Amino acid sequence: MMTDAIALIYIGSFLSLKFFIFITKPAGATSDTEKPMSTDEGWKMPLYATITLVGLFLLFKYIGKQYVNYLLVVYFAFLGVGAIKFWIDNLLGNMRFLDSLKAVQLLYIKYFDFRLSLYDLFAYIAAIPIIGIYVVFKDWLSNNIIGAAFCLFGFENLYVGKFTTAFLMLGLFFAYDIYFVFGTSIMVTLATGIEGPIKLVFPRVVDPRSSMLGLGDILVPGLLITICLRFDLILYLRKQMEETKQTLVQVYEGIPHNFPKVYFTSCFICYIIGLIITITVGVVFNAAQPALLYLVPLTVIPVCIVALIRGEIRKLFAFDEEQEGNELKKLLAKQLCSYQLKASLS
């Protein structure tokens with residue numbers, strides 16, 4: 001369980017670096033999916049989670065768990081096909097021999113901007129067996145594959161552009177998790193009653209009950225860890241340009257895989273410690289634990305301590321990834337104009 005969560009966050013953090021493509025895009029070329037989560041969206045996420053949680057609990061109570069689960073299985077089956085297809089794209093999408101399949105367009109719905117190529121059709125078909133196994137057998141392995149696909153899809157398509165937004169969101173989820181686990185029976189009822197890949201499940205050898213970790217306990221702190229990695233990268237870019245007098249393009253193209261990751265490493269290690277504490281407390285007390293009770297303080301506090309030690313606390317709280325990206329775009333455009341002028345004069 002712990003190994004899977006750690007692997008998902010590590011992979012997801014580096015996948016989130018794709019948002020750094022805005023550096024080489026002209027201003028205004030980024031799509032809505034490449035824009036960071038606003039502060040307003042940050043505090044609304046726990047609100048939407050609360051509404052969804054209470055709504056599902058009421059449906060369980062008044063309609064019946066069996067009927068609600070039928071609907072959820074169908075819902076997650078459709079989402080699961082899309083998430084797994086997304087990962088087939090990541091694994092195979094850049095292979096040139098598939099270009100001929102991508103060129104064959106079978107369907108285009110202008111209103112939804114939905115395109116279906118022959119390649120897409122084969123990818124969807126390839127995703128169906130995993131979903132079928134889950135729908136029929138409800139086994140833990142197919143559940144975890146689909147849950148992992150949801151997590152990685154989230155890391156690659158959701159991102160927080162400010163530490164202030166991340167801290168606000170994590171603080172609200174911290175209170176949300178504690179209340180719904182310790183204050184009511186809602187969270188435990190749904191976590192054990194919902195038949196859907198909203199959690200990673202691991203069978204125990206000596207206990208009929210399975211261990212489980214909610215996807216939110218991976219994704220929510222993971223969004224902070226991913227911004228730490230991008231913050232490390234931007235700090236490195238700035239420092240290299242100042243010290244070596246290289247252009248942004250030269251620095252960006254020469255970024256080593258082992259660029260300093262001080263914030264990412266400290267936050268990631270403390271997340272692992274938080275997971276160990278969560279699992280240990282759960283085993284000792286033999287009761288469900290609000291994982292974010294341990295994970296939020298053990299990710300937020302270390303990041304702030306590192307910033308204080310390095311004298312970068314103001315940079316941390318003032319950091320705005322979208323603004324930083326716009327400034328780097330302007331710098332890139334200025335450097336390119338300068339090179340073009342020099343080339344024309346020579």
# chains A, B, ... in the order shown; residues from 1 in each chain; ligands from 1
>>> select_by_dssp(residues="stretch 162-294 of chain A", states="helix (DSSP H, G or I)", output="ChimeraX atom specification")
/A:163-183,186-193,216-244,248-253,262-285,291-294
>>> select_by_dssp(residues="stretch 147-340 of chain A", states="strand (DSSP E or B)", output="PyMOL selection string")
chain A and resi 160+199-203+210-214
>>> closest_residue(among="A:Val181, A:Met37, A:Ala175, A:Met2", to="A:Ile273", atoms="only C-alpha atoms")
A:Met2
>>> atom_distance(atom1="atom CA of A:Tyr124", atom2="atom CA of A:Leu79")
11.4 Å
>>> residues_around(residues="A:Thr52", least_positions_apart="5", cutoff="12 Å", atoms="only C-alpha atoms", output="list in words")
Met45, Pro46, Leu47, Phe57, Leu58, Leu59, Ile186, Met187 and Leu190 of chain A
>>> closest_atom_pairs(of="stretch 93-180 of chain A", to="stretch 61-73 of chain A", cutoff="12 Å", atoms="only C-alpha atoms", output="tab-separated table")
residue	atom	partner	partner_atom	distance
A:Ile131	CA	A:Val73	CA	9.7
A:Gly132	CA	A:Val73	CA	10.6
A:Ile133	CA	A:Val73	CA	11.9
A:Tyr134	CA	A:Val73	CA	9.0
A:Val135	CA	A:Val73	CA	6.8
A:Val136	CA	A:Val73	CA	10.1
A:Phe137	CA	A:Val73	CA	11.7
A:Lys138	CA	A:Val73	CA	9.6
A:Asn143	CA	A:Val73	CA	11.1
>>> write_last_selection(atoms="N, CA and C atoms", output="PDB file, in the first residue's frame")
ATOM      1  N   ILE A 131     -11.412  -2.951 -17.311  1.00  0.00           N
ATOM      2  CA  ILE A 131     -12.674  -2.477 -16.733  1.00  0.00           C
ATOM      3  C   ILE A 131     -13.644  -3.640 -16.591  1.00  0.00           C
ATOM      4  N   GLY A 132     -13.683  -4.520 -17.586  1.00  0.00           N
ATOM      5  CA  GLY A 132     -14.574  -5.671 -17.541  1.00  0.00           C
ATOM      6  C   GLY A 132     -14.267  -6.593 -16.373  1.00  0.00           C
ATOM      7  N   ILE A 133     -12.977  -6.834 -16.154  1.00  0.00           N
ATOM      8  CA  ILE A 133     -12.576  -7.686 -15.020  1.00  0.00           C
ATOM      9  C   ILE A 133     -13.033  -7.062 -13.704  1.00  0.00           C
ATOM     10  N   TYR A 134     -12.879  -5.741 -13.590  1.00  0.00           N
ATOM     11  CA  TYR A 134     -13.292  -5.079 -12.350  1.00  0.00           C
ATOM     12  C   TYR A 134     -14.813  -5.162 -12.154  1.00  0.00           C
ATOM     13  N   VAL A 135     -15.561  -4.887 -13.206  1.00  0.00           N
ATOM     14  CA  VAL A 135     -17.021  -4.877 -13.103  1.00  0.00           C
ATOM     15  C   VAL A 135     -17.549  -6.264 -12.706  1.00  0.00           C
ATOM     16  N   VAL A 136     -16.938  -7.305 -13.255  1.00  0.00           N
ATOM     17  CA  VAL A 136     -17.428  -8.666 -12.995  1.00  0.00           C
ATOM     18  C   VAL A 136     -16.945  -9.199 -11.649  1.00  0.00           C
ATOM     19  N   PHE A 137     -15.655  -9.032 -11.357  1.00  0.00           N
ATOM     20  CA  PHE A 137     -15.076  -9.697 -10.184  1.00  0.00           C
ATOM     21  C   PHE A 137     -14.848  -8.769  -8.986  1.00  0.00           C
ATOM     22  N   LYS A 138     -14.817  -7.455  -9.217  1.00  0.00           N
ATOM     23  CA  LYS A 138     -14.546  -6.500  -8.132  1.00  0.00           C
ATOM     24  C   LYS A 138     -13.263  -6.867  -7.372  1.00  0.00           C
ATOM     25  N   ASN A 143      -9.037  -3.043  -9.375  1.00  0.00           N
ATOM     26  CA  ASN A 143      -9.418  -1.824  -8.653  1.00  0.00           C
ATOM     27  C   ASN A 143      -8.226  -0.882  -8.520  1.00  0.00           C
TER      28      ASN A 143
END
>>> decode(residues="stretch 36-49 of chain A", atoms="N, CA, C and O atoms", output="tab-separated table (two decimals), in the first residue's frame")
chain	number	residue	atom	x	y	z
A	36	PRO	N	-3.21	27.10	-13.93
A	36	PRO	CA	-3.18	26.61	-12.55
A	36	PRO	C	-4.51	26.79	-11.84
A	36	PRO	O	-5.34	27.61	-12.22
A	37	MET	N	-4.68	26.02	-10.77
A	37	MET	CA	-5.86	26.13	-9.93
A	37	MET	C	-5.82	27.46	-9.18
A	37	MET	O	-4.81	27.81	-8.57
A	38	SER	N	-6.90	28.21	-9.22
A	38	SER	CA	-6.97	29.49	-8.53
A	38	SER	C	-7.24	29.27	-7.05
A	38	SER	O	-7.63	28.18	-6.63
A	39	THR	N	-7.05	30.33	-6.24
A	39	THR	CA	-7.34	30.24	-4.81
A	39	THR	C	-8.81	29.92	-4.59
A	39	THR	O	-9.17	29.14	-3.70
A	40	ASP	N	-9.66	30.51	-5.43
A	40	ASP	CA	-11.10	30.26	-5.33
A	40	ASP	C	-11.41	28.78	-5.57
A	40	ASP	O	-12.20	28.17	-4.86
A	41	GLU	N	-10.78	28.21	-6.57
A	41	GLU	CA	-10.97	26.78	-6.87
A	41	GLU	C	-10.38	25.91	-5.76
A	41	GLU	O	-10.89	24.84	-5.47
A	42	GLY	N	-9.29	26.40	-5.14
A	42	GLY	CA	-8.64	25.65	-4.07
A	42	GLY	C	-9.54	25.43	-2.87
A	42	GLY	O	-9.61	24.32	-2.34
A	43	TRP	N	-10.26	26.47	-2.44
A	43	TRP	CA	-11.14	26.28	-1.27
A	43	TRP	C	-12.45	25.60	-1.65
A	43	TRP	O	-13.12	25.01	-0.80
A	44	LYS	N	-12.80	25.65	-2.93
A	44	LYS	CA	-14.03	24.98	-3.36
A	44	LYS	C	-13.88	23.46	-3.44
A	44	LYS	O	-14.87	22.73	-3.31
A	45	MET	N	-12.67	22.99	-3.66
A	45	MET	CA	-12.47	21.53	-3.77
A	45	MET	C	-12.93	20.77	-2.52
A	45	MET	O	-13.66	19.79	-2.63
A	46	PRO	N	-12.53	21.21	-1.30
A	46	PRO	CA	-13.05	20.53	-0.10
A	46	PRO	C	-14.57	20.68	0.04
A	46	PRO	O	-15.23	19.77	0.54
A	47	LEU	N	-15.11	21.82	-0.43
A	47	LEU	CA	-16.56	22.02	-0.37
A	47	LEU	C	-17.27	21.02	-1.27
A	47	LEU	O	-18.25	20.38	-0.86
A	48	TYR	N	-16.77	20.86	-2.50
A	48	TYR	CA	-17.37	19.89	-3.42
A	48	TYR	C	-17.23	18.47	-2.87
A	48	TYR	O	-18.15	17.64	-3.02
A	49	ALA	N	-16.08	18.18	-2.25
A	49	ALA	CA	-15.88	16.85	-1.67
A	49	ALA	C	-16.89	16.59	-0.55
A	49	ALA	O	-17.43	15.48	-0.43
